[in-house]
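Novice: What follows is input-v6.tsv, TSV, C-alpha atoms and all ligand atoms.
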chain	number	residue	atom	x	y	z
A	1	MET	CA	0.00	0.00	0.00
A	2	SER	CA	1.40	3.39	-1.01
A	3	GLU	CA	1.63	6.17	1.53
A	4	GLU	CA	-1.27	7.95	-0.15
A	5	GLU	CA	-3.41	4.85	-0.01
A	6	GLY	CA	-2.48	4.46	3.63
A	7	ILE	CA	-3.66	8.01	4.45
A	8	ALA	CA	-6.87	7.52	2.46
A	9	ALA	CA	-7.62	4.31	4.37
A	10	GLU	CA	-6.98	6.07	7.65
A	11	LEU	CA	-9.32	8.93	6.71
A	12	ARG	CA	-12.01	6.49	5.65
A	13	ASP	CA	-11.65	4.66	8.92
A	14	LEU	CA	-11.94	7.96	10.77
A	15	TYR	CA	-15.10	8.85	8.82
A	16	GLU	CA	-16.71	5.45	9.23
A	17	ASN	CA	-15.91	4.82	12.87
A	18	ALA	CA	-15.77	8.31	14.37
A	19	PRO	CA	-17.44	8.64	17.79
A	20	CYS	CA	-20.17	10.76	16.18
A	21	GLY	CA	-22.51	10.19	13.27
A	22	TYR	CA	-21.74	11.63	9.83
A	23	HIS	CA	-24.04	11.80	6.86
A	24	SER	CA	-24.73	13.74	3.70
A	25	VAL	CA	-28.06	14.49	2.12
A	26	GLY	CA	-28.63	15.43	-1.54
A	27	PRO	CA	-30.90	18.16	-2.94
A	28	ASP	CA	-33.88	15.78	-3.00
A	29	GLY	CA	-33.36	14.95	0.67
A	30	MET	CA	-31.98	11.48	-0.06
A	31	VAL	CA	-29.19	10.14	2.13
A	32	VAL	CA	-26.15	10.00	-0.10
A	33	ARG	CA	-23.67	8.93	2.55
A	34	MET	CA	-23.73	7.80	6.16
A	35	ASN	CA	-20.94	6.54	8.37
A	36	ARG	CA	-20.99	3.25	10.20
A	37	THR	CA	-21.43	4.89	13.60
A	38	GLU	CA	-24.69	6.54	12.61
A	39	LEU	CA	-25.93	3.49	10.72
A	40	SER	CA	-25.40	1.40	13.84
A	41	TRP	CA	-27.17	4.00	16.03
A	42	LEU	CA	-30.13	3.94	13.65
A	43	GLY	CA	-29.99	0.14	13.26
A	44	TYR	CA	-29.86	0.10	9.46
A	45	ALA	CA	-27.51	-1.58	7.00
A	46	CYS	CA	-25.91	0.82	4.51
A	47	ALA	CA	-27.88	-0.62	1.57
A	48	GLU	CA	-31.19	-0.06	3.35
A	49	LEU	CA	-30.66	3.66	3.73
A	50	VAL	CA	-28.02	5.17	1.50
A	51	GLY	CA	-29.46	6.05	-1.89
A	52	ARG	CA	-32.83	4.65	-0.86
A	53	ARG	CA	-34.40	6.80	1.82
A	54	ARG	CA	-34.73	10.43	2.69
A	55	TYR	CA	-33.07	11.50	5.92
A	56	VAL	CA	-36.26	13.13	7.11
A	57	ASP	CA	-37.79	9.63	7.33
A	58	ALA	CA	-35.42	8.94	10.22
A	59	VAL	CA	-36.67	12.03	12.06
A	60	SER	CA	-39.60	11.61	14.46
A	61	VAL	CA	-42.96	12.90	13.27
A	62	ARG	CA	-42.89	15.53	16.01
A	63	CYS	CA	-39.63	17.03	14.74
A	64	ARG	CA	-40.05	16.48	11.01
A	65	ARG	CA	-41.28	19.95	10.16
A	66	ALA	CA	-38.46	21.72	11.96
A	67	TYR	CA	-35.91	19.47	10.27
A	68	GLN	CA	-37.45	19.99	6.86
A	69	ARG	CA	-37.46	23.73	7.35
A	70	ALA	CA	-33.78	23.74	8.37
A	71	PHE	CA	-32.89	21.52	5.41
A	72	GLU	CA	-34.69	23.73	2.91
A	73	ALA	CA	-33.02	26.84	4.29
A	74	LEU	CA	-29.62	25.20	3.83
A	75	ARG	CA	-30.45	24.07	0.33
A	76	ASP	CA	-31.65	27.58	-0.50
A	77	GLY	CA	-28.49	29.34	0.56
A	78	ARG	CA	-27.91	29.18	4.28
A	79	ASP	CA	-24.38	28.10	5.26
A	80	SER	CA	-24.93	26.06	8.36
A	81	SER	CA	-27.49	25.08	10.92
A	82	GLU	CA	-27.64	23.46	14.30
A	83	ILE	CA	-30.79	21.66	15.40
A	84	GLU	CA	-31.85	19.39	18.19
A	85	THR	CA	-34.11	16.67	16.94
A	86	GLU	CA	-35.38	13.15	17.60
A	87	LEU	CA	-34.18	10.28	15.45
A	88	VAL	CA	-36.13	7.06	15.04
A	89	ARG	CA	-34.27	3.75	14.92
A	90	LYS	CA	-35.32	0.97	12.62
A	91	ASP	CA	-36.93	-0.77	15.59
A	92	GLY	CA	-39.09	2.33	16.22
A	93	SER	CA	-37.29	3.52	19.36
A	94	VAL	CA	-36.32	7.18	19.53
A	95	PHE	CA	-33.23	9.06	20.70
A	96	ASP	CA	-32.35	12.75	21.01
A	97	ALA	CA	-29.71	14.03	18.65
A	98	LEU	CA	-27.89	17.24	17.93
A	99	LEU	CA	-27.33	17.82	14.22
A	100	ARG	CA	-24.73	20.29	12.98
A	101	ILE	CA	-25.29	20.66	9.30
A	102	GLY	CA	-23.11	22.41	6.74
A	103	THR	CA	-23.42	22.52	2.97
A	104	VAL	CA	-21.25	21.57	0.02
A	105	ARG	CA	-21.72	23.69	-3.12
A	106	ASP	CA	-20.05	23.72	-6.50
A	107	ARG	CA	-18.04	26.66	-7.79
A	108	GLY	CA	-21.18	28.29	-9.09
A	109	GLY	CA	-22.70	28.10	-5.64
A	110	ILE	CA	-25.13	25.35	-6.60
A	111	PHE	CA	-26.07	23.15	-3.66
A	112	LEU	CA	-24.65	19.64	-3.96
A	113	ASN	CA	-25.29	18.07	-0.60
A	114	THR	CA	-25.31	18.65	3.15
A	115	ARG	CA	-22.59	17.48	5.46
A	116	ALA	CA	-23.81	16.75	8.95
A	117	THR	CA	-22.45	15.54	12.26
A	118	VAL	CA	-24.79	13.81	14.67
A	119	VAL	CA	-24.32	13.58	18.42
A	120	ASP	CA	-26.49	11.49	20.71
A	121	ILE	CA	-27.72	13.90	23.41
A	122	THR	CA	-30.18	11.59	25.16
A	123	ALA	CA	-28.31	11.76	28.47
A	124	ARG	CA	-28.11	15.56	28.36
A	125	LYS	CA	-31.79	15.86	27.50
A	126	ARG	CA	-32.71	13.56	30.35
A	127	ALA	CA	-30.58	15.62	32.75
A	128	GLU	CA	-32.22	18.82	31.53
A	129	THR	CA	-35.70	17.40	32.03
A	130	GLU	CA	-34.73	16.20	35.48
A	131	ALA	CA	-33.27	19.62	36.35
A	132	ARG	CA	-36.45	21.34	35.19
A	133	ARG	CA	-38.53	18.97	37.28
A	134	TYR	CA	-36.38	19.67	40.36
A	135	ALA	CA	-36.61	23.41	39.79
A	136	ALA	CA	-40.40	23.20	39.56
A	137	ARG	CA	-40.52	21.10	42.73
A	138	LEU	CA	-38.25	23.50	44.56
A	139	ARG	CA	-40.51	26.35	43.52
A	140	ALA	CA	-43.60	24.51	44.72
A	141	ILE	CA	-41.93	23.69	48.04
A	142	SER	CA	-40.77	27.29	48.55
A	143	GLN	CA	-44.26	28.49	47.80
A	144	ARG	CA	-45.65	26.05	50.31
A	145	ILE	CA	-43.12	27.22	52.90
A	146	VAL	CA	-44.36	30.77	52.43
A	147	GLU	CA	-47.96	29.65	52.94
A	148	ILE	CA	-47.15	27.54	55.98
A	149	GLN	CA	-45.06	30.32	57.51
A	150	GLU	CA	-47.91	32.78	57.04
A	151	SER	CA	-50.55	30.49	58.52
A	152	GLU	CA	-48.34	29.50	61.47
A	153	ARG	CA	-47.67	33.16	62.18
A	154	ARG	CA	-51.39	33.86	62.07
A	155	ASN	CA	-52.10	31.06	64.55
A	156	LEU	CA	-49.30	32.07	66.89
A	157	SER	CA	-50.33	35.69	66.79
A	158	ALA	CA	-53.95	34.82	67.58
A	159	GLU	CA	-52.81	32.57	70.45
A	160	LEU	CA	-50.58	35.32	71.86
A	161	HIS	CA	-53.22	37.96	71.51
A	162	ASP	CA	-56.28	36.02	72.61
A	163	ARG	CA	-54.85	33.86	75.37
A	164	ILE	CA	-51.62	35.25	76.76
A	165	GLY	CA	-52.54	38.88	76.14
A	166	GLN	CA	-55.93	38.48	77.81
A	167	ASP	CA	-54.48	36.58	80.77
A	168	LEU	CA	-51.81	39.20	81.30
A	169	SER	CA	-54.44	41.92	81.29
A	170	THR	CA	-56.41	40.03	83.91
A	171	ILE	CA	-53.29	39.60	86.07
A	172	ASN	CA	-52.62	43.30	85.71
A	173	LEU	CA	-56.14	44.14	86.77
A	174	ASN	CA	-55.90	41.77	89.76
A	175	LEU	CA	-52.61	43.29	90.87
A	176	HIS	CA	-54.14	46.76	90.79
A	177	ILE	CA	-57.14	45.57	92.84
A	178	ILE	CA	-54.87	43.90	95.39
A	179	ARG	CA	-52.82	47.05	95.61
A	180	ASP	CA	-55.91	49.16	96.26
A	181	LEU	CA	-57.24	46.75	98.89
A	182	LEU	CA	-54.00	46.32	100.84
A	183	PRO	CA	-53.96	47.92	104.30
A	184	ALA	CA	-51.29	50.58	104.78
A	185	ASN	CA	-49.02	48.45	106.99
A	186	LEU	CA	-48.83	45.68	104.36
A	187	LEU	CA	-48.54	48.15	101.51
A	188	GLY	CA	-45.38	49.48	103.13
A	189	LYS	CA	-43.89	45.96	103.16
A	190	VAL	CA	-44.88	44.63	99.74
A	191	GLY	CA	-45.92	47.78	97.86
A	192	SER	CA	-42.68	48.13	95.96
A	193	ARG	CA	-42.80	44.42	94.99
A	194	LEU	CA	-46.33	44.92	93.74
A	195	ASP	CA	-45.39	48.01	91.73
A	196	ASP	CA	-42.49	46.07	90.30
A	197	SER	CA	-44.80	43.26	89.23
A	198	ILE	CA	-47.33	45.65	87.75
A	199	GLY	CA	-44.51	47.29	85.75
A	200	LEU	CA	-43.28	43.89	84.59
A	201	VAL	CA	-46.74	42.77	83.56
A	202	GLU	CA	-47.31	46.00	81.66
A	203	GLY	CA	-43.94	45.64	79.93
A	204	THR	CA	-44.81	42.06	79.01
A	205	VAL	CA	-48.22	43.09	77.65
A	206	GLU	CA	-46.43	45.52	75.39
A	207	ALA	CA	-43.82	42.97	74.35
A	208	VAL	CA	-46.54	40.45	73.54
A	209	ARG	CA	-48.36	43.07	71.50
A	210	ASP	CA	-45.17	43.83	69.58
A	211	VAL	CA	-44.44	40.17	68.92
A	212	ALA	CA	-48.04	39.47	67.90
A	213	GLY	CA	-47.90	42.53	65.65
A	214	ALA	CA	-44.69	41.36	64.02
A	215	LEU	CA	-46.23	37.92	63.50
A	216	ARG	CA	-49.37	39.34	62.02
A	217	PRO	CA	-49.33	43.06	61.36
A	218	LEU	CA	-52.97	44.07	61.60
A	219	VAL	CA	-51.80	47.66	61.12
A	220	LEU	CA	-50.95	46.66	57.59
A	221	ASP	CA	-54.58	46.06	56.69
A	222	ASP	CA	-55.73	49.23	58.37
A	223	TYR	CA	-52.99	51.76	57.61
A	224	GLY	CA	-50.87	50.33	54.80
A	225	LEU	CA	-47.22	49.61	54.22
A	226	ALA	CA	-45.53	52.91	55.07
A	227	VAL	CA	-47.02	53.13	58.56
A	228	THR	CA	-46.36	49.46	59.26
A	229	LEU	CA	-42.76	49.62	58.11
A	230	ARG	CA	-42.15	52.72	60.19
A	231	SER	CA	-43.61	51.16	63.29
A	232	HIS	CA	-41.63	47.95	62.76
A	233	ALA	CA	-38.44	49.94	62.19
A	234	GLU	CA	-38.99	51.89	65.43
A	235	GLN	CA	-39.37	48.69	67.41
A	236	PHE	CA	-36.35	47.20	65.69
A	237	SER	CA	-34.23	50.24	66.53
A	238	ALA	CA	-35.36	50.30	70.14
A	239	ARG	CA	-34.54	46.62	70.53
A	240	THR	CA	-31.20	46.55	68.68
A	241	GLY	CA	-29.73	50.04	68.86
A	242	ILE	CA	-29.29	50.05	65.06
A	243	ARG	CA	-30.44	53.35	63.57
A	244	VAL	CA	-33.12	52.89	60.95
A	245	VAL	CA	-34.31	55.73	58.74
A	246	VAL	CA	-37.54	55.07	56.91
A	247	GLU	CA	-38.23	57.19	53.86
A	248	ALA	CA	-41.73	56.54	52.70
A	249	LYS	CA	-44.49	58.78	51.55
A	250	ASP	CA	-47.66	57.15	52.70
A	251	PRO	CA	-49.08	56.09	49.37
A	252	VAL	CA	-52.56	57.43	48.92
A	253	LEU	CA	-53.22	54.49	46.67
A	254	ARG	CA	-53.12	51.22	48.55
A	255	LEU	CA	-51.51	48.15	47.03
A	256	ARG	CA	-52.98	44.70	46.71
A	257	GLN	CA	-53.07	42.99	50.08
A	258	GLU	CA	-50.64	40.22	49.02
A	259	ALA	CA	-48.20	42.78	47.68
A	260	GLU	CA	-48.26	44.81	50.89
A	261	MET	CA	-47.78	41.67	52.97
A	262	ALA	CA	-44.95	40.42	50.77
A	263	LEU	CA	-43.09	43.73	50.91
A	264	PHE	CA	-43.58	43.99	54.66
A	265	ARG	CA	-42.24	40.44	55.17
A	266	ILE	CA	-39.27	41.24	52.95
A	267	GLY	CA	-38.54	44.37	54.97
A	268	GLN	CA	-38.82	42.38	58.16
A	269	GLU	CA	-36.50	39.59	56.98
A	270	ALA	CA	-34.01	42.08	55.54
A	271	LEU	CA	-33.84	43.89	58.90
A	272	THR	CA	-33.41	40.56	60.70
A	273	ASN	CA	-30.54	39.81	58.32
A	274	VAL	CA	-28.99	43.20	59.07
A	275	LEU	CA	-29.03	42.31	62.77
A	276	LYS	CA	-27.84	38.73	62.29
A	277	HIS	CA	-25.19	39.13	59.62
A	278	SER	CA	-24.18	42.68	58.77
A	279	GLN	CA	-22.67	44.42	61.85
A	280	ALA	CA	-24.20	47.59	60.43
A	281	ASP	CA	-25.15	50.52	62.65
A	282	GLN	CA	-27.31	52.33	60.11
A	283	VAL	CA	-30.08	51.22	57.77
A	284	TYR	CA	-32.10	53.14	55.20
A	285	VAL	CA	-35.49	51.72	54.34
A	286	THR	CA	-36.97	53.41	51.28
A	287	LEU	CA	-40.41	52.86	49.83
A	288	GLU	CA	-40.86	54.42	46.42
A	289	VAL	CA	-44.23	54.34	44.75
A	290	GLY	CA	-43.94	54.90	41.03
A	291	ARG	CA	-46.62	54.99	38.36
A	292	GLU	CA	-46.07	51.37	37.39
A	293	GLU	CA	-44.38	49.75	40.32
A	294	VAL	CA	-43.48	49.92	43.97
A	295	CYS	CA	-39.92	49.52	45.08
A	296	LEU	CA	-38.75	48.72	48.61
A	297	THR	CA	-35.05	49.11	49.36
A	298	ILE	CA	-33.30	48.11	52.57
A	299	ALA	CA	-29.73	49.39	52.53
A	300	ASP	CA	-27.26	48.81	55.35
A	301	ASN	CA	-23.70	50.01	55.93
A	302	GLY	CA	-22.46	46.64	57.15
A	303	CYS	CA	-19.95	44.03	56.08
A	304	GLY	CA	-21.68	42.90	52.86
A	305	PHE	CA	-21.45	39.48	51.27
A	306	ASP	CA	-21.10	37.73	47.90
A	307	ALA	CA	-24.73	38.17	47.00
A	308	PRO	CA	-24.95	36.61	43.53
A	309	ASP	CA	-23.42	33.41	44.91
A	310	ARG	CA	-25.84	33.26	47.76
A	311	LEU	CA	-29.12	33.69	45.89
A	312	GLY	CA	-28.61	30.55	43.85
A	313	HIS	CA	-27.54	28.27	46.67
A	314	ALA	CA	-29.78	28.81	49.62
A	315	THR	CA	-28.21	26.05	51.67
A	316	GLU	CA	-27.57	28.18	54.71
A	317	GLY	CA	-30.83	29.96	55.18
A	318	LEU	CA	-34.15	30.32	53.50
A	319	GLY	CA	-34.67	34.03	54.03
A	320	LEU	CA	-33.45	35.29	50.66
A	321	LEU	CA	-35.00	32.37	48.83
A	322	ILE	CA	-38.38	33.05	50.41
A	323	MET	CA	-38.10	36.74	49.54
A	324	GLN	CA	-37.52	35.72	45.94
A	325	GLU	CA	-40.39	33.26	46.00
A	326	ARG	CA	-42.83	35.77	47.45
A	327	LEU	CA	-41.96	38.21	44.71
A	328	ARG	CA	-42.07	35.60	41.98
A	329	ALA	CA	-45.64	34.78	43.00
A	330	LEU	CA	-46.49	38.46	42.42
A	331	ASP	CA	-44.52	38.78	39.17
A	332	GLY	CA	-42.11	41.01	41.04
A	333	SER	CA	-38.36	40.78	41.32
A	334	LEU	CA	-35.62	40.79	43.92
A	335	ARG	CA	-32.21	42.34	43.44
A	336	ILE	CA	-29.38	42.17	45.91
A	337	GLU	CA	-26.44	44.50	45.60
A	338	SER	CA	-23.69	43.68	48.00
A	339	ARG	CA	-19.98	43.29	48.18
A	340	ARG	CA	-17.65	42.46	51.00
A	341	GLY	CA	-17.00	45.52	53.10
A	342	GLY	CA	-19.44	47.63	51.08
A	343	GLY	CA	-22.82	47.13	52.74
A	344	THR	CA	-25.90	45.47	51.32
A	345	ARG	CA	-28.95	46.69	49.41
A	346	VAL	CA	-31.98	44.49	49.11
A	347	ILE	CA	-34.32	45.83	46.44
A	348	ALA	CA	-37.78	44.38	46.03
A	349	THR	CA	-40.00	45.51	43.19
A	350	VAL	CA	-43.64	44.68	42.43
A	351	GLY	CA	-46.02	46.02	39.87
A	352	ARG	CA	-48.84	48.23	41.12
A	353	LYS	CA	-51.45	46.72	38.90
A	354	ARG	CA	-53.99	44.36	40.39
B	1	LIG	N1	-27.53	42.42	55.25
B	1	LIG	C1	-26.65	41.43	55.13
B	1	LIG	N2	-25.33	41.64	55.41
B	1	LIG	C2	-24.42	40.66	55.30
B	1	LIG	N3	-24.72	39.39	54.92
B	1	LIG	C3	-26.00	39.09	54.64
B	1	LIG	C4	-27.03	40.10	54.73
B	1	LIG	N4	-28.20	39.50	54.36
B	1	LIG	C5	-27.90	38.23	54.07
B	1	LIG	N5	-26.58	37.96	54.24
B	1	LIG	C6	-25.90	36.68	53.96
B	1	LIG	O1	-26.76	35.85	53.19
B	1	LIG	C7	-26.99	34.62	53.82
B	1	LIG	C8	-28.39	34.12	53.53
B	1	LIG	O2	-29.38	34.90	54.18
B	1	LIG	P1	-30.78	34.27	54.47
B	1	LIG	O3	-31.24	33.59	53.22
B	1	LIG	O4	-31.69	35.29	55.04
B	1	LIG	O5	-30.50	33.12	55.51
B	1	LIG	P2	-30.13	33.20	57.07
B	1	LIG	O6	-30.43	34.59	57.52
B	1	LIG	O7	-31.02	32.20	57.70
B	1	LIG	O8	-28.68	32.85	57.15
B	1	LIG	C9	-26.70	34.87	55.27
B	1	LIG	O9	-26.32	33.71	55.93
B	1	LIG	C10	-25.58	35.90	55.21
B	1	LIG	O10	-24.36	35.26	54.99
B	2	MG	MG	-32.19	35.55	57.12
Let me see whether you can do it: turn the structure in this file into structure tokens.
Specialist:
Amino acid sequence: MSEEEGIAAELRDLYENAPCGYHSVGPDGMVVRMNRTELSWLGYACAELVGRRRYVDAVSVRCRRAYQRAFEALRDGRDSSEIETELVRKDGSVFDALLRIGTVRDRGGIFLNTRATVVDITARKRAETEARRYAARLRAISQRIVEIQESERRNLSAELHDRIGQDLSTINLNLHIIRDLLPANLLGKVGSRLDDSIGLVEGTVEAVRDVAGALRPLVLDDYGLAVTLRSHAEQFSARTGIRVVVEAKDPVLRLRQEAEMALFRIGQEALTNVLKHSQADQVYVTLEVGREEVCLTIADNGCGFDAPDRLGHATEGLGLLIMQERLRALDGSLRIESRRGGGTRVIATVGRKR
């Protein structure tokens, strides 16, 4: 065998047995060539296909139109095309394939045939489907978490308000009555203890009211977002010593109830995050009501974090993920601007339309 013959044999072997399929299709759509790899994937002998069948016959009915369209575009002048399609084996089974198709033309530019590589992408397709299914499940679970959280908070708040709150008020009343009924000599001995207890009970009543309010902000229904955020921020400041400035014009126009609740919860969680993670001493909460949308920003001057990394992988906490989920349910969006050492801005936007 001459050297040339040797090279030709090697090239033929490469064509026939390459780890991907190769084929060529003529102007009438007939298969004019196909390598052994693709023939074996499709389950045909060379004589059954080459020169006898159109390639489109090996494409599933579902994908036939798209293939035909791509083929005609190539024949009519397009240089190359890349399509994902389904190929049908001789035994009727189907697999996913990626076709990269180029064209061969003569000197006058007349189309002679296509030249295509075929890659089996079944595994990738399966992984993509699986990933989509997981994403949908994750979304459903997050949504459910939001619902459960809201209903648990409602129950807890009612329990606190109706049972503990009422009982504390009764204790307070009793303590006052006892105080009034005590003879002077006893009052001198235990009066200060009694006053202490009354003070404690009153403080606890207030604390319970605050906690119940944070769990279920009834103010929100009655007075809207700006008032509720301001009141929450005041309590937060008093409790933590972190200065919070709320800039919000009370919107004359009220938002949908779900939107107000979502934005309030986001503000609440963002402030909790400031306390837990940021070491900030100053927070700006801004509520801007535009013509089309409402935008809530919580900006701190703390340590910051690698925000884009965090949003995708909510392995540590659920706070940011739930913020995102709440907004997704309202067709809104969440943006987090943060970098190490540069503070954090959480920006939640929802449309104003009902
Ligand atoms: N204001 C912030 N400043 C610094 N880091 C933050 C801030 N908010 C969130 N983070 C970071 O993002 C992570 C995820 O927050 P989140 O989803 O609310 O979960 P969790 O608060 O339960 O950790 C936090 O663990 C923290 O590392
Ligand atoms: Mg959190």
Novice: Write out as a ChimeraX atom specification each polymer residue (protein, DNA or RNA) that has an atom no more than 7 Å from ligand LIG 1 (chain B), with all atoms listed in the file counted.
Specialist: /A:269-270,273-274,276-278,300,302-305,307,310,314,316-321,343-344
Novice: Mind dumping the selected residues with C-alpha atoms as a short mmCIF file (atom, residue, chain, number, x, y, z; two decimals), in the coordinates of the input?
Specialist:
data_model
loop_
_atom_site.label_atom_id
_atom_site.label_comp_id
_atom_site.auth_asym_id
_atom_site.auth_seq_id
_atom_site.Cartn_x
_atom_site.Cartn_y
_atom_site.Cartn_z
CA GLU A 269 -36.50 39.59 56.98
CA ALA A 270 -34.01 42.08 55.54
CA ASN A 273 -30.54 39.81 58.32
CA VAL A 274 -28.99 43.20 59.07
CA LYS A 276 -27.84 38.73 62.29
CA HIS A 277 -25.19 39.13 59.62
CA SER A 278 -24.18 42.68 58.77
CA ASP A 300 -27.26 48.81 55.35
CA GLY A 302 -22.46 46.64 57.15
CA CYS A 303 -19.95 44.03 56.08
CA GLY A 304 -21.68 42.90 52.86
CA PHE A 305 -21.45 39.48 51.27
CA ALA A 307 -24.73 38.17 47.00
CA ARG A 310 -25.84 33.26 47.76
CA ALA A 314 -29.78 28.81 49.62
CA GLU A 316 -27.57 28.18 54.71
CA GLY A 317 -30.83 29.96 55.18
CA LEU A 318 -34.15 30.32 53.50
CA GLY A 319 -34.67 34.03 54.03
CA LEU A 320 -33.45 35.29 50.66
CA LEU A 321 -35.00 32.37 48.83
CA GLY A 343 -22.82 47.13 52.74
CA THR A 344 -25.90 45.47 51.32
#
Novice: Calculated over all atoms listed in the file, which of the candidates A:Arg291, A:Arg239, A:Arg216, A:His176 has the smallest distance to A:Glu152?
Specialist: A:Arg216
Novice: Give me, please, the distance in Å between atom CA of A:Leu138 and atom CA of A:Leu215, quoted to one decimal.
Specialist: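 Distance between the two atoms: 25.1 Å.
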Novice: Contacts of stretch 165-170 of chain A at 12 Å or less, counting all atoms listed in the file, minus same-chain residues fewer than 2 places along, as a PyMOL selection string?
Specialist: chain A and resi 156-163+172-177+197-212
Novice: Give me the residues within 8 Å of stretch 10-27 of chain A as an mmCIF file with C-alpha atoms, in the coordinates of the input, counting only C-alpha atoms and dropping any in the same chain fewer than 3 places off.
Specialist:
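Just written: result-v2.cif:
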data_model
loop_
_atom_site.group_PDB
_atom_site.id
_atom_site.type_symbol
_atom_site.label_atom_id
_atom_site.label_comp_id
_atom_site.auth_asym_id
_atom_site.auth_seq_id
_atom_site.Cartn_x
_atom_site.Cartn_y
_atom_site.Cartn_z
ATOM 1 C CA GLY A 6 -2.480 4.460 3.630
ATOM 2 C CA ILE A 7 -3.660 8.010 4.450
ATOM 3 C CA MET A 30 -31.980 11.480 -0.060
ATOM 4 C CA VAL A 31 -29.190 10.140 2.130
ATOM 5 C CA VAL A 32 -26.150 10.000 -0.100
ATOM 6 C CA ARG A 33 -23.670 8.930 2.550
ATOM 7 C CA MET A 34 -23.730 7.800 6.160
ATOM 8 C CA ASN A 35 -20.940 6.540 8.370
ATOM 9 C CA ARG A 36 -20.990 3.250 10.200
ATOM 10 C CA THR A 37 -21.430 4.890 13.600
ATOM 11 C CA GLU A 38 -24.690 6.540 12.610
ATOM 12 C CA LEU A 39 -25.930 3.490 10.720
ATOM 13 C CA ARG A 54 -34.730 10.430 2.690
ATOM 14 C CA TYR A 55 -33.070 11.500 5.920
ATOM 15 C CA ARG A 75 -30.450 24.070 0.330
ATOM 16 C CA PHE A 111 -26.070 23.150 -3.660
ATOM 17 C CA LEU A 112 -24.650 19.640 -3.960
ATOM 18 C CA ASN A 113 -25.290 18.070 -0.600
ATOM 19 C CA THR A 114 -25.310 18.650 3.150
ATOM 20 C CA ARG A 115 -22.590 17.480 5.460
ATOM 21 C CA ALA A 116 -23.810 16.750 8.950
ATOM 22 C CA THR A 117 -22.450 15.540 12.260
ATOM 23 C CA VAL A 118 -24.790 13.810 14.670
ATOM 24 C CA VAL A 119 -24.320 13.580 18.420
ATOM 25 C CA ASP A 120 -26.490 11.490 20.710
#
Novice: Select, from A:Ile336, A:Cys63, A:Leu271, A:Ala348, the residue with the minimum atom-to-atom distance to ligand MG 2 (chain B), counting all atoms listed in the file.
Specialist: A:Leu271
Novice: Residues proximal to (-36.5, 7.8, 6.6) were defined as those with any atom within 12 Å of that point in the file's coordinates, counting all atoms listed in the file. Which are they, as a JSON list (two decimals) with C-alpha atoms, in the coordinates of the input?
Specialist:
[["chain", "number", "residue", "atom", "x", "y", "z"],
["A", 25, "VAL", "CA", -28.06, 14.49, 2.12],
["A", 29, "GLY", "CA", -33.36, 14.95, 0.67],
["A", 30, "MET", "CA", -31.98, 11.48, -0.06],
["A", 31, "VAL", "CA", -29.19, 10.14, 2.13],
["A", 42, "LEU", "CA", -30.13, 3.94, 13.65],
["A", 44, "TYR", "CA", -29.86, 0.10, 9.46],
["A", 48, "GLU", "CA", -31.19, -0.06, 3.35],
["A", 49, "LEU", "CA", -30.66, 3.66, 3.73],
["A", 50, "VAL", "CA", -28.02, 5.17, 1.50],
["A", 51, "GLY", "CA", -29.46, 6.05, -1.89],
["A", 52, "ARG", "CA", -32.83, 4.65, -0.86],
["A", 53, "ARG", "CA", -34.40, 6.80, 1.82],
["A", 54, "ARG", "CA", -34.73, 10.43, 2.69],
["A", 55, "TYR", "CA", -33.07, 11.50, 5.92],
["A", 56, "VAL", "CA", -36.26, 13.13, 7.11],
["A", 57, "ASP", "CA", -37.79, 9.63, 7.33],
["A", 58, "ALA", "CA", -35.42, 8.94, 10.22],
["A", 59, "VAL", "CA", -36.67, 12.03, 12.06],
["A", 60, "SER", "CA", -39.60, 11.61, 14.46],
["A", 61, "VAL", "CA", -42.96, 12.90, 13.27],
["A", 64, "ARG", "CA", -40.05, 16.48, 11.01],
["A", 87, "LEU", "CA", -34.18, 10.28, 15.45],
["A", 88, "VAL", "CA", -36.13, 7.06, 15.04],
["A", 89, "ARG", "CA", -34.27, 3.75, 14.92],
["A", 90, "LYS", "CA", -35.32, 0.97, 12.62],
["A", 92, "GLY", "CA", -39.09, 2.33, 16.22]]
Novice: I need the residue nearest ligand MG 2 (chain B) from this list: A:Met261, A:Ala8, A:Leu275, A:Ala280. Use all atoms listed in the file for the distance.
Specialist: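 Looking only at the distances to ligand MG 2 (chain B), the closest residue turns out to be A:Leu275.
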Novice: In Å to one decimal, how far is atom CA of A:Leu330 from atom CA of A:Arg137?
Specialist: 18.4 Å
Novice: Quick one: pull the distance between atom CA of A:Glu3 and atom CA of A:Cys46, Å, one decimal.
Specialist: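 Value for the atom CA of A:Glu3-atom CA of A:Cys46 distance: 28.2 Å.
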Novice: Compare A:Ile322, A:Glu130, A:Ala70, A:Phe264 by their minimum atom-to-atom distance to ligand MG 2 (chain B), counting all atoms listed in the file, and give me the closest one.
Specialist: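 Between A:Ile322, A:Glu130, A:Ala70, A:Phe264, the residue approaching ligand MG 2 (chain B) most closely is A:Ile322.
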Novice: Considering all atoms listed in the file, return as a ChimeraX atom specification whatever protein or nucleic-acid residues lie within 12 Å of A:Asp180, sequence-local ones (same chain, fewer than 6 positions apart) excluded.
Specialist: /A:173-174,186-187,191,194-195
Novice: Would you output that residue set with C-alpha atoms, as a PDB file, in the coordinates of the input?
Specialist:
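Produced file out18.pdb, reproduced below:
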ATOM      1  CA  LEU A 173     -56.140  44.140  86.770  1.00  0.00           C
ATOM      2  CA  ASN A 174     -55.900  41.770  89.760  1.00  0.00           C
ATOM      3  CA  LEU A 186     -48.830  45.680 104.360  1.00  0.00           C
ATOM      4  CA  LEU A 187     -48.540  48.150 101.510  1.00  0.00           C
ATOM      5  CA  GLY A 191     -45.920  47.780  97.860  1.00  0.00           C
ATOM      6  CA  LEU A 194     -46.330  44.920  93.740  1.00  0.00           C
ATOM      7  CA  ASP A 195     -45.390  48.010  91.730  1.00  0.00           C
TER       8      ASP A 195
END
